[in-house]
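Peer 1: Quick one, my_file-v5.cif (mmCIF, C-alpha atoms and all ligand atoms):
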data_entry
#
loop_
_atom_site.label_atom_id
_atom_site.label_comp_id
_atom_site.auth_asym_id
_atom_site.auth_seq_id
_atom_site.Cartn_x
_atom_site.Cartn_y
_atom_site.Cartn_z
CA MET A 1 -4.51 49.30 25.24
CA ALA A 2 -2.39 47.77 28.01
CA LYS A 3 1.24 47.79 27.06
CA ASN A 4 3.87 45.28 28.14
CA SER A 5 7.23 46.94 28.53
CA ASP A 6 8.84 44.64 26.00
CA SER A 7 5.95 44.03 23.65
CA LEU A 8 6.03 45.80 20.36
CA LEU A 9 2.64 47.42 20.22
CA PRO A 10 2.08 50.27 17.85
CA ASP A 11 0.83 53.61 19.08
CA SER A 12 -0.11 55.08 15.75
CA PRO A 13 -3.82 55.14 14.99
CA TRP A 14 -3.28 53.85 11.47
CA MET A 15 -2.09 50.49 12.70
CA ASP A 16 -4.02 47.65 14.25
CA PRO A 17 -2.55 47.57 17.73
CA LEU A 18 -3.07 43.86 18.39
CA ASP A 19 -0.08 41.97 19.73
CA PRO A 20 0.01 38.58 17.95
CA PHE A 21 2.18 36.94 20.62
CA LEU A 22 0.02 37.14 23.73
CA GLY A 23 0.67 34.26 26.03
CA VAL A 24 3.32 32.20 27.71
CA SER A 25 3.24 29.01 25.65
CA PRO A 26 6.54 27.92 24.08
CA GLN A 27 4.77 27.81 20.69
CA ILE A 28 3.79 31.47 20.69
CA GLN A 29 7.05 32.63 22.24
CA SER A 30 9.13 30.80 19.66
CA LEU A 31 6.95 32.26 16.92
CA ARG A 32 7.60 35.70 18.39
CA ALA A 33 11.37 35.12 18.26
CA ASP A 34 11.15 34.03 14.62
CA ALA A 35 8.83 36.88 13.68
CA LEU A 36 11.13 39.49 15.21
CA LYS A 37 13.92 38.31 12.91
CA VAL A 38 11.72 37.93 9.84
CA ALA A 39 10.23 41.42 10.29
CA GLN A 40 13.63 42.99 9.66
CA GLY A 41 14.10 41.21 6.32
CA ASN A 42 12.90 41.99 2.86
CA GLY A 43 12.04 38.60 1.36
CA PRO A 44 8.54 37.16 1.02
CA VAL A 45 6.89 35.67 4.10
CA LEU A 46 4.29 32.93 4.25
CA ILE A 47 1.94 32.82 7.23
CA GLN A 48 0.16 29.55 7.79
CA GLY A 49 -2.50 28.72 10.32
CA GLU A 50 -6.06 27.57 10.77
CA THR A 51 -8.89 30.03 10.46
CA GLY A 52 -9.05 32.60 13.23
CA THR A 53 -5.53 31.99 14.58
CA GLY A 54 -4.49 35.59 13.86
CA LYS A 55 -2.80 35.46 10.45
CA GLY A 56 -4.14 38.90 9.54
CA VAL A 57 -3.03 40.28 12.90
CA LEU A 58 0.49 38.88 12.37
CA ALA A 59 0.74 40.25 8.82
CA LYS A 60 0.01 43.78 10.05
CA TRP A 61 2.44 43.37 12.90
CA LEU A 62 5.22 42.26 10.52
CA HIS A 63 4.75 45.43 8.51
CA TRP A 64 4.61 47.58 11.58
CA ALA A 65 7.68 45.97 13.21
CA GLY A 66 9.88 46.19 10.12
CA PRO A 67 11.72 48.93 8.24
CA ARG A 68 8.77 49.59 5.90
CA ARG A 69 6.39 50.72 8.63
CA GLU A 70 6.12 54.30 7.35
CA ALA A 71 5.20 53.05 3.85
CA PRO A 72 1.79 51.64 2.86
CA PHE A 73 0.39 48.32 4.05
CA VAL A 74 -1.96 47.13 1.33
CA ASP A 75 -4.02 43.99 1.75
CA LEU A 76 -6.20 41.90 -0.47
CA ASN A 77 -8.17 38.78 0.33
CA CYS A 78 -7.94 36.53 -2.71
CA ALA A 79 -10.76 34.19 -1.60
CA GLY A 80 -13.75 34.15 -3.89
CA LEU A 81 -12.39 36.71 -6.39
CA ASN A 82 -12.55 35.82 -10.06
CA PRO A 83 -9.15 35.84 -11.81
CA ASP A 84 -9.90 38.81 -14.09
CA PHE A 85 -11.03 40.98 -11.21
CA LEU A 86 -8.06 39.88 -9.11
CA GLU A 87 -5.67 40.79 -11.92
CA THR A 88 -7.04 44.29 -12.38
CA GLU A 89 -7.06 44.82 -8.63
CA LEU A 90 -3.42 43.80 -8.39
CA PHE A 91 -1.95 45.21 -11.57
CA GLY A 92 -4.30 48.07 -12.45
CA HIS A 93 -5.07 48.98 -16.04
CA ARG A 94 -4.73 51.78 -18.53
CA LYS A 95 -7.72 53.74 -19.77
CA GLY A 96 -9.58 51.71 -22.39
CA ALA A 97 -7.76 48.46 -21.57
CA PHE A 98 -11.12 46.67 -21.70
CA THR A 99 -14.79 47.57 -21.98
CA GLY A 100 -15.74 49.58 -18.93
CA ALA A 101 -12.18 50.76 -18.20
CA ASP A 102 -13.13 54.44 -18.57
CA GLN A 103 -10.37 55.65 -16.32
CA PRO A 104 -6.83 54.42 -15.74
CA LYS A 105 -6.52 52.57 -12.46
CA ARG A 106 -3.52 51.97 -10.26
CA GLY A 107 -3.26 48.44 -8.96
CA LEU A 108 -2.57 47.41 -5.39
CA ILE A 109 0.98 46.38 -6.30
CA GLU A 110 1.67 49.94 -7.36
CA LEU A 111 -0.04 51.34 -4.29
CA ALA A 112 2.10 49.14 -2.05
CA ASP A 113 5.37 50.44 -3.55
CA GLN A 114 8.04 50.75 -0.80
CA GLY A 115 5.65 49.02 1.59
CA THR A 116 4.05 45.64 2.17
CA LEU A 117 1.54 43.80 0.02
CA PHE A 118 -0.46 41.31 2.07
CA LEU A 119 -2.14 38.65 -0.04
CA ASP A 120 -4.55 36.82 2.22
CA GLU A 121 -5.77 33.36 1.19
CA ILE A 122 -3.14 33.12 -1.52
CA GLY A 123 -4.06 29.43 -1.85
CA ASP A 124 -7.31 30.54 -3.50
CA MET A 125 -5.51 32.46 -6.25
CA GLU A 126 -5.85 30.99 -9.72
CA THR A 127 -2.58 29.62 -11.19
CA GLY A 128 -2.46 32.13 -14.08
CA VAL A 129 -2.46 35.03 -11.61
CA GLN A 130 0.07 33.16 -9.45
CA ALA A 131 2.52 33.18 -12.38
CA LYS A 132 2.20 36.96 -12.70
CA VAL A 133 2.70 37.48 -8.99
CA LEU A 134 5.83 35.32 -9.13
CA LYS A 135 7.19 37.60 -11.86
CA VAL A 136 6.65 40.64 -9.65
CA ILE A 137 8.55 39.03 -6.79
CA GLU A 138 11.41 37.79 -8.94
CA GLU A 139 11.89 40.73 -11.28
CA LYS A 140 10.46 43.54 -9.15
CA ARG A 141 8.52 44.64 -12.20
CA PHE A 142 4.88 44.61 -13.20
CA ARG A 143 2.74 45.83 -16.05
CA ARG A 144 -0.68 47.45 -15.91
CA LEU A 145 -3.27 45.70 -18.08
CA GLY A 146 -3.26 47.13 -21.58
CA GLU A 147 0.14 48.77 -21.24
CA VAL A 148 3.29 47.71 -23.04
CA GLN A 149 5.87 49.02 -20.60
CA ASP A 150 6.84 47.35 -17.36
CA GLN A 151 7.22 49.49 -14.26
CA THR A 152 9.55 48.75 -11.39
CA VAL A 153 8.21 48.29 -7.91
CA ASP A 154 9.67 47.58 -4.49
CA ILE A 155 7.29 45.62 -2.30
CA ARG A 156 7.58 43.08 0.45
CA LEU A 157 5.11 40.26 -0.07
CA VAL A 158 3.41 38.72 2.93
CA ALA A 159 1.07 35.89 2.00
CA ALA A 160 -1.26 33.91 4.22
CA THR A 161 -3.27 30.76 3.82
CA HIS A 162 -5.20 28.29 5.92
CA GLN A 163 -4.68 25.66 3.22
CA ASN A 164 -2.01 23.02 2.97
CA LEU A 165 -0.14 24.37 -0.05
CA GLU A 166 1.90 21.19 -0.56
CA LYS A 167 -1.37 19.39 -1.07
CA SER A 168 -2.60 22.12 -3.42
CA ILE A 169 0.61 21.68 -5.43
CA ARG A 170 -0.08 17.95 -5.76
CA LEU A 171 -3.60 18.77 -6.93
CA GLY A 172 -2.24 21.20 -9.51
CA ARG A 173 -3.88 24.20 -7.83
CA PHE A 174 -0.76 25.93 -6.62
CA ARG A 175 2.46 26.58 -8.51
CA ARG A 176 5.49 24.87 -7.05
CA ASP A 177 7.80 27.72 -8.17
CA LEU A 178 5.70 30.33 -6.37
CA PHE A 179 5.54 28.13 -3.29
CA PHE A 180 9.33 27.84 -3.15
CA ARG A 181 9.67 31.58 -3.60
CA ILE A 182 7.26 32.51 -0.80
CA SER A 183 7.94 29.74 1.70
CA THR A 184 11.58 30.49 2.57
CA PHE A 185 10.30 32.26 5.66
CA THR A 186 7.21 30.50 6.91
CA LEU A 187 5.57 31.50 10.17
CA SER A 188 2.97 29.05 11.48
CA LEU A 189 0.36 30.19 13.94
CA PRO A 190 -0.51 27.41 16.37
CA PRO A 191 -4.15 26.44 16.80
CA LEU A 192 -5.60 27.63 20.10
CA ARG A 193 -6.19 24.04 21.29
CA GLN A 194 -2.40 23.54 21.24
CA ARG A 195 -1.76 26.56 23.45
CA LEU A 196 -4.47 26.31 26.06
CA GLN A 197 -2.15 27.77 28.69
CA ASP A 198 -2.49 31.09 26.83
CA LEU A 199 -6.25 31.24 27.38
CA PRO A 200 -6.08 33.32 30.60
CA VAL A 201 -3.82 36.00 29.08
CA LEU A 202 -5.73 36.16 25.80
CA SER A 203 -9.08 36.25 27.54
CA ALA A 204 -7.96 38.94 29.97
CA LEU A 205 -6.89 41.20 27.12
CA ILE A 206 -10.00 40.60 25.07
CA LEU A 207 -12.22 41.10 28.13
CA ALA A 208 -10.48 44.37 28.94
CA GLU A 209 -11.27 45.56 25.43
CA LEU A 210 -14.87 44.35 25.67
CA SER A 211 -15.26 46.04 29.05
CA ARG A 212 -14.36 49.32 27.41
CA GLU A 213 -16.45 48.77 24.31
CA LEU A 214 -19.55 47.71 26.24
CA GLY A 215 -19.09 50.14 29.10
CA LYS A 216 -19.06 47.21 31.54
CA PRO A 217 -15.89 47.64 33.60
CA GLY A 218 -14.35 44.81 35.61
CA LEU A 219 -15.50 41.79 33.58
CA THR A 220 -13.85 38.63 34.92
CA LEU A 221 -13.95 34.90 34.28
CA ALA A 222 -15.08 32.50 36.98
CA LYS A 223 -12.57 29.70 37.60
CA LEU A 224 -15.07 27.19 36.23
CA SER A 225 -15.21 29.16 33.01
CA ILE A 226 -11.46 28.81 32.48
CA GLU A 227 -11.88 25.06 33.01
CA ALA A 228 -14.71 24.94 30.47
CA MET A 229 -12.56 26.89 28.03
CA GLU A 230 -9.68 24.48 28.52
CA ALA A 231 -11.98 21.59 27.69
CA HIS A 232 -13.17 23.17 24.46
CA ARG A 233 -11.48 22.46 21.11
CA TRP A 234 -11.78 25.98 19.61
CA PRO A 235 -12.18 25.13 15.91
CA GLY A 236 -12.56 28.86 15.20
CA ASN A 237 -9.47 29.68 17.32
CA ILE A 238 -9.01 33.25 18.61
CA ARG A 239 -11.92 34.55 16.56
CA GLU A 240 -14.20 32.02 18.23
CA LEU A 241 -12.74 32.95 21.63
CA ARG A 242 -13.48 36.61 21.01
CA ASN A 243 -17.02 35.85 19.81
CA SER A 244 -17.69 33.64 22.77
CA LEU A 245 -16.37 36.24 25.25
CA GLU A 246 -18.36 38.96 23.57
CA ARG A 247 -21.55 36.93 23.80
CA ALA A 248 -20.77 36.15 27.44
CA ALA A 249 -19.98 39.76 28.28
CA ILE A 250 -23.37 40.79 26.94
CA ARG A 251 -25.22 37.90 28.58
CA CYS A 252 -23.66 37.83 32.04
CA GLU A 253 -25.76 39.35 34.77
CA ASP A 254 -23.07 40.59 37.09
CA ARG A 255 -19.46 41.16 36.07
CA GLU A 256 -18.43 37.55 36.46
CA ILE A 257 -18.66 35.23 33.46
CA TRP A 258 -19.90 31.70 34.13
CA PRO A 259 -19.55 28.68 31.81
CA GLU A 260 -23.18 28.88 30.68
CA ASP A 261 -22.60 32.48 29.54
CA LEU A 262 -19.88 31.28 27.17
CA GLY A 263 -22.20 28.99 25.21
CA LEU A 264 -19.40 26.64 24.25
CA ALA A 265 -20.47 23.65 22.19
CA GLY A 266 -18.64 20.63 23.60
CA GLY A 267 -18.86 22.00 27.15
CA SER A 268 -21.02 20.11 29.62
CA ALA A 269 -24.22 22.05 29.03
CA GLU A 270 -24.15 21.67 25.27
CA ALA A 271 -21.92 18.61 25.06
CA THR A 272 -24.18 16.77 22.70
CA PRO A 273 -25.50 19.09 20.06
CA ALA A 274 -29.25 18.73 19.63
CA TYR A 275 -28.84 16.75 16.44
CA GLY A 276 -31.53 14.09 16.71
CA THR A 277 -31.18 11.05 14.49
CA ARG A 278 -34.69 11.68 13.21
CA LEU A 279 -33.49 14.73 11.33
CA SER A 280 -33.27 14.43 7.57
CA LEU A 281 -29.94 15.27 5.96
CA ALA A 282 -31.39 18.54 4.70
CA GLU A 283 -32.57 19.50 8.21
CA LEU A 284 -29.20 18.58 9.64
CA GLU A 285 -27.45 20.68 7.01
CA LYS A 286 -29.64 23.67 7.81
CA LEU A 287 -29.05 23.31 11.55
CA HIS A 288 -25.31 22.98 11.11
CA ILE A 289 -24.99 25.97 8.78
CA LYS A 290 -27.11 28.06 11.14
CA ARG A 291 -24.94 27.11 14.07
CA VAL A 292 -21.64 27.80 12.32
CA LEU A 293 -22.95 31.15 11.09
CA GLU A 294 -23.92 32.05 14.64
CA GLU A 295 -20.55 31.02 16.02
CA GLU A 296 -18.83 33.14 13.37
CA GLY A 297 -20.96 36.13 14.25
CA GLY A 298 -22.78 36.01 10.89
CA ARG A 299 -19.60 36.41 8.84
CA VAL A 300 -20.20 34.40 5.67
CA THR A 301 -16.54 34.27 4.62
CA ASP A 302 -15.49 32.80 7.95
CA ALA A 303 -18.44 30.40 8.11
CA ALA A 304 -17.74 29.19 4.56
CA LYS A 305 -14.13 28.50 5.49
CA ARG A 306 -15.14 26.43 8.48
CA LEU A 307 -17.73 24.55 6.47
CA GLY A 308 -15.15 23.89 3.76
CA ILE A 309 -17.28 25.30 0.94
CA PRO A 310 -16.86 28.34 -1.32
CA ARG A 311 -18.42 31.56 -0.06
CA SER A 312 -20.66 31.70 -3.14
CA THR A 313 -22.07 28.23 -2.32
CA LEU A 314 -22.79 29.32 1.22
CA TYR A 315 -24.66 32.39 -0.03
CA VAL A 316 -26.81 30.15 -2.24
CA LYS A 317 -27.52 27.83 0.69
CA ILE A 318 -28.38 30.72 3.02
CA LYS A 319 -30.90 31.89 0.46
CA GLU A 320 -32.31 28.45 -0.27
CA LEU A 321 -32.62 27.49 3.38
CA GLY A 322 -34.06 30.85 4.38
CA LEU A 323 -31.27 31.60 6.84
CA GLY A 324 -30.48 35.12 5.66
CA GLY A 325 -31.27 37.96 7.99
CA GLU A 326 -30.77 40.63 5.34
N1 LIG A 401 -3.31 38.24 19.25
C1 LIG A 401 -4.59 38.60 19.24
N2 LIG A 401 -5.08 39.37 20.23
C2 LIG A 401 -6.39 39.70 20.23
N3 LIG A 401 -7.28 39.31 19.31
C3 LIG A 401 -6.82 38.55 18.32
C4 LIG A 401 -5.45 38.14 18.22
N4 LIG A 401 -5.31 37.36 17.13
C5 LIG A 401 -6.51 37.29 16.56
N5 LIG A 401 -7.42 37.99 17.27
C6 LIG A 401 -8.85 38.13 16.98
O1 LIG A 401 -9.26 37.04 16.20
C7 LIG A 401 -9.85 37.48 14.98
C8 LIG A 401 -9.25 36.65 13.87
O2 LIG A 401 -7.94 37.09 13.59
P1 LIG A 401 -7.41 37.12 12.11
O3 LIG A 401 -8.44 37.66 11.20
O4 LIG A 401 -6.06 37.75 12.11
O5 LIG A 401 -7.28 35.53 11.88
P2 LIG A 401 -6.96 34.76 10.54
O6 LIG A 401 -6.03 33.67 10.90
O7 LIG A 401 -6.52 35.76 9.52
O8 LIG A 401 -8.36 34.15 10.17
P3 LIG A 401 -8.93 33.72 8.71
O9 LIG A 401 -8.15 32.51 8.27
O10 LIG A 401 -10.35 33.37 8.99
O11 LIG A 401 -8.75 34.89 7.81
C9 LIG A 401 -9.50 38.96 14.83
O12 LIG A 401 -10.61 39.66 14.39
C10 LIG A 401 -9.14 39.39 16.20
O13 LIG A 401 -10.27 39.98 16.77
MG MG A 402 -7.46 36.44 7.82
#
Starting from the file, lay out its structure as structure tokens.

Peer 2:
Amino acid sequence: MAKNSDSLLPDSPWMDPLDPFLGVSPQIQSLRADALKVAQGNGPVLIQGETGTGKGVLAKWLHWAGPRREAPFVDLNCAGLNPDFLETELFGHRKGAFTGADQPKRGLIELADQGTLFLDEIGDMETGVQAKVLKVIEEKRFRRLGEVQDQTVDIRLVAATHQNLEKSIRLGRFRRDLFFRISTFTLSLPPLRQRLQDLPVLSALILAELSRELGKPGLTLAKLSIEAMEAHRWPGNIRELRNSLERAAIRCEDREIWPEDLGLAGGSAEATPAYGTRLSLAELEKLHIKRVLEEEGGRVTDAAKRLGIPRSTLYVKIKELGLGGE
């Protein structure tokens, strides 16, 4: 991995070495300045940003750049988990706490002691579980399911969401008290379309990685490709950029990537998606789901987020529409 003299990239193999602040845009540089300060603190952090902007990358970096870096980084994606499962994952249980609890189990909160607990998609957490998480943050104590004694714990909570939590509060889906507790330090990742000047730096780094992975040294972008990228809206943000560069790196015949290799919807070649008005709604739905799944590299969780439907619904649709590869 290329290393800037002043960029804080980890060397240790146990850490994701991605630098969340690649680029020259004022947005990303001011985020970097804020994040450097926040990393040294101990209070909860909320990371906001659209899908694919790098919230997970930033959460790992915060752990790595702060005083807890030698302690565990434990993460859990709360999306699509039922509340009972989420509770046992977080709090653990004693042997016999419920049918099927044959062995005692330590929860993630316990495992993260002295370190960082990263709760991804906290906006998807059910309000009952939210209340219990709030107690852990406020009292630094938790209780395994089925036990009567609290245990103390020292964790730093980093939470992320792509949702607008203020709106979720109005809808009664997110607790106001938890929001106030976690939002004192909020770091917002800008969408890629608001930092287009960072495209060359981001692409260069991702291409260097792809060159290594694919054994295709010297991959470069033609000038026209940068222009096509600047004209694109990047709804899937850096994830979409990576997917598009990966596809292009595989497709391109020599080492230079041309706009048509990138396959960007909205670019000149594919400006108008082939959505004929003769399509029925069902056909249109199938086409759209197929396309989003392709753009997200087949990742159902990411595709569901972009489509604005629960992951379980997308699974049902994939099955019904015969889109599943597996
Ligand atoms: N700074 C970066 N440098 C290189 N690649 C990055 C960077 N940020 C994000 N990526 C790439 O984009 C992908 C998405 O990043 P990440 O999972 O952190 O986004 P996210 O905001 O958590 O998305 P989601 O809301 O869908 O969970 C990662 O797999 C990574 O490959
Ligand atoms: Mg994420």

Peer 1: Counting all atoms listed in the file, what residues are within 9 Å of ligand MG 402 (chain A), given as an NGL selection string?

Peer 2: :A and (51-57 or 77 or 120-121 or 160-162 or 302)

Peer 1: Contacts of A:Gly324 at 9 Å or less, counting all atoms listed in the file, minus same-chain residues fewer than 4 places along, as a PyMOL selection string?

Peer 2: chain A and resi 315+318-319

Peer 1: What gap, in Å, lies between atom CA of A:Arg176 and atom O11 of ligand LIG 401 (chain A)?

Peer 2: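 Between atom CA of A:Arg176 and atom O11 of ligand LIG 401 (chain A) the gap is 22.9 Å.
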
Peer 1: Let me make sure I understand: among A:Arg173, A:Arg181, A:Lys105, A:Arg195, which one has the smallest atom-to-atom distance to A:Arg144 if we use all atoms listed in the file?

Peer 2: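 Closest residue, counting all atoms listed in the file: A:Lys105.
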
Peer 1: Counting all atoms listed in the file, which residue out of A:Gly236, A:Gly107, A:Pro259, A:Pro44 sits closest to ligand LIG 401 (chain A)?

Peer 2: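 Nearest to ligand LIG 401 (chain A): A:Gly236.
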
Peer 1: Given only C-alpha atoms and all ligand atoms as the basis, pick out the residue of A:Ala303, A:Leu81, A:Ile226, A:Ala33 nearest to ligand LIG 401 (chain A).

Peer 2: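 Using only C-alpha atoms and all ligand atoms, ligand LIG 401 (chain A) sits closest to A:Ala303.
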
Peer 1: Residues at most 9 Å from A:Phe98, counting only C-alpha atoms, excluding those fewer than 5 positions away in the same chain, as a list in words?

Peer 2: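 Listed by chain and then number, they are His93, Leu145 and Gly146 of chain A.
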
Peer 1: Have a look at atom CA of A:Val45 and atom CA of A:Ser183 and let me know their distance in Å, one decimal.

Peer 2: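 We find that atom CA of A:Val45 and atom CA of A:Ser183 lie 6.5 Å from each other.
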
Peer 1: Between atom C5 of ligand LIG 401 (chain A) and atom CA of A:Leu287, what is the distance in Å, rounded to a tenth?

Peer 2: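 Atom-to-atom, atom C5 of ligand LIG 401 (chain A) and atom CA of A:Leu287 are spaced 27.0 Å apart.
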
Peer 1: Restricting the calculation to all atoms listed in the file: of A:Gly66, A:Gly96, A:Pro217, A:Pro235, which residue gets closest to ligand LIG 401 (chain A)?

Peer 2: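 Among the listed residues, the smallest separation from ligand LIG 401 (chain A) belongs to A:Pro235.
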
Peer 1: Would you pick out the contacts of A:Leu187 at 7 Å or less, using all atoms listed in the file, so that residues sharing its chain but fewer than 2 positions from it are not included, and give the list as a PDB file with C-alpha atoms, keeping the file's coordinate frame?

Peer 2:
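The file below, result03.pdb, is the result:
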ATOM      1  CA  LEU A  31       6.950  32.260  16.920  1.00  0.00           C
ATOM      2  CA  LEU A  46       4.290  32.930   4.250  1.00  0.00           C
ATOM      3  CA  ILE A  47       1.940  32.820   7.230  1.00  0.00           C
ATOM      4  CA  GLN A  48       0.160  29.550   7.790  1.00  0.00           C
ATOM      5  CA  PHE A 185      10.300  32.260   5.660  1.00  0.00           C
ATOM      6  CA  LEU A 189       0.360  30.190  13.940  1.00  0.00           C
TER       7      LEU A 189
END

Peer 1: Select, from A:Val292, A:Leu111, A:Val129, A:Leu18, the residue with the minimum atom-to-atom distance to A:Leu314, counting only C-alpha atoms.

Peer 2: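 Closest to A:Leu314, using only C-alpha atoms: A:Val292.
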
Peer 1: Kindly indicate which residue among A:Gln27, A:Leu117, A:Ser244, A:Gly298 lies nearest to A:Arg193, using only C-alpha atoms for the distances.

Peer 2: A:Gln27

Peer 1: To test the calculation: enclose all listed atoms of ligand LIG 401 (chain A) in a box whose edges run along x, y and z, add 4 Å on each side, then state centre and edge lengths in Å to one decimal, as JSON.

Peer 2:
{"center_x": -7.0, "center_y": 36.2, "center_z": 14.0, "size_x": 15.3, "size_y": 15.5, "size_z": 20.4}
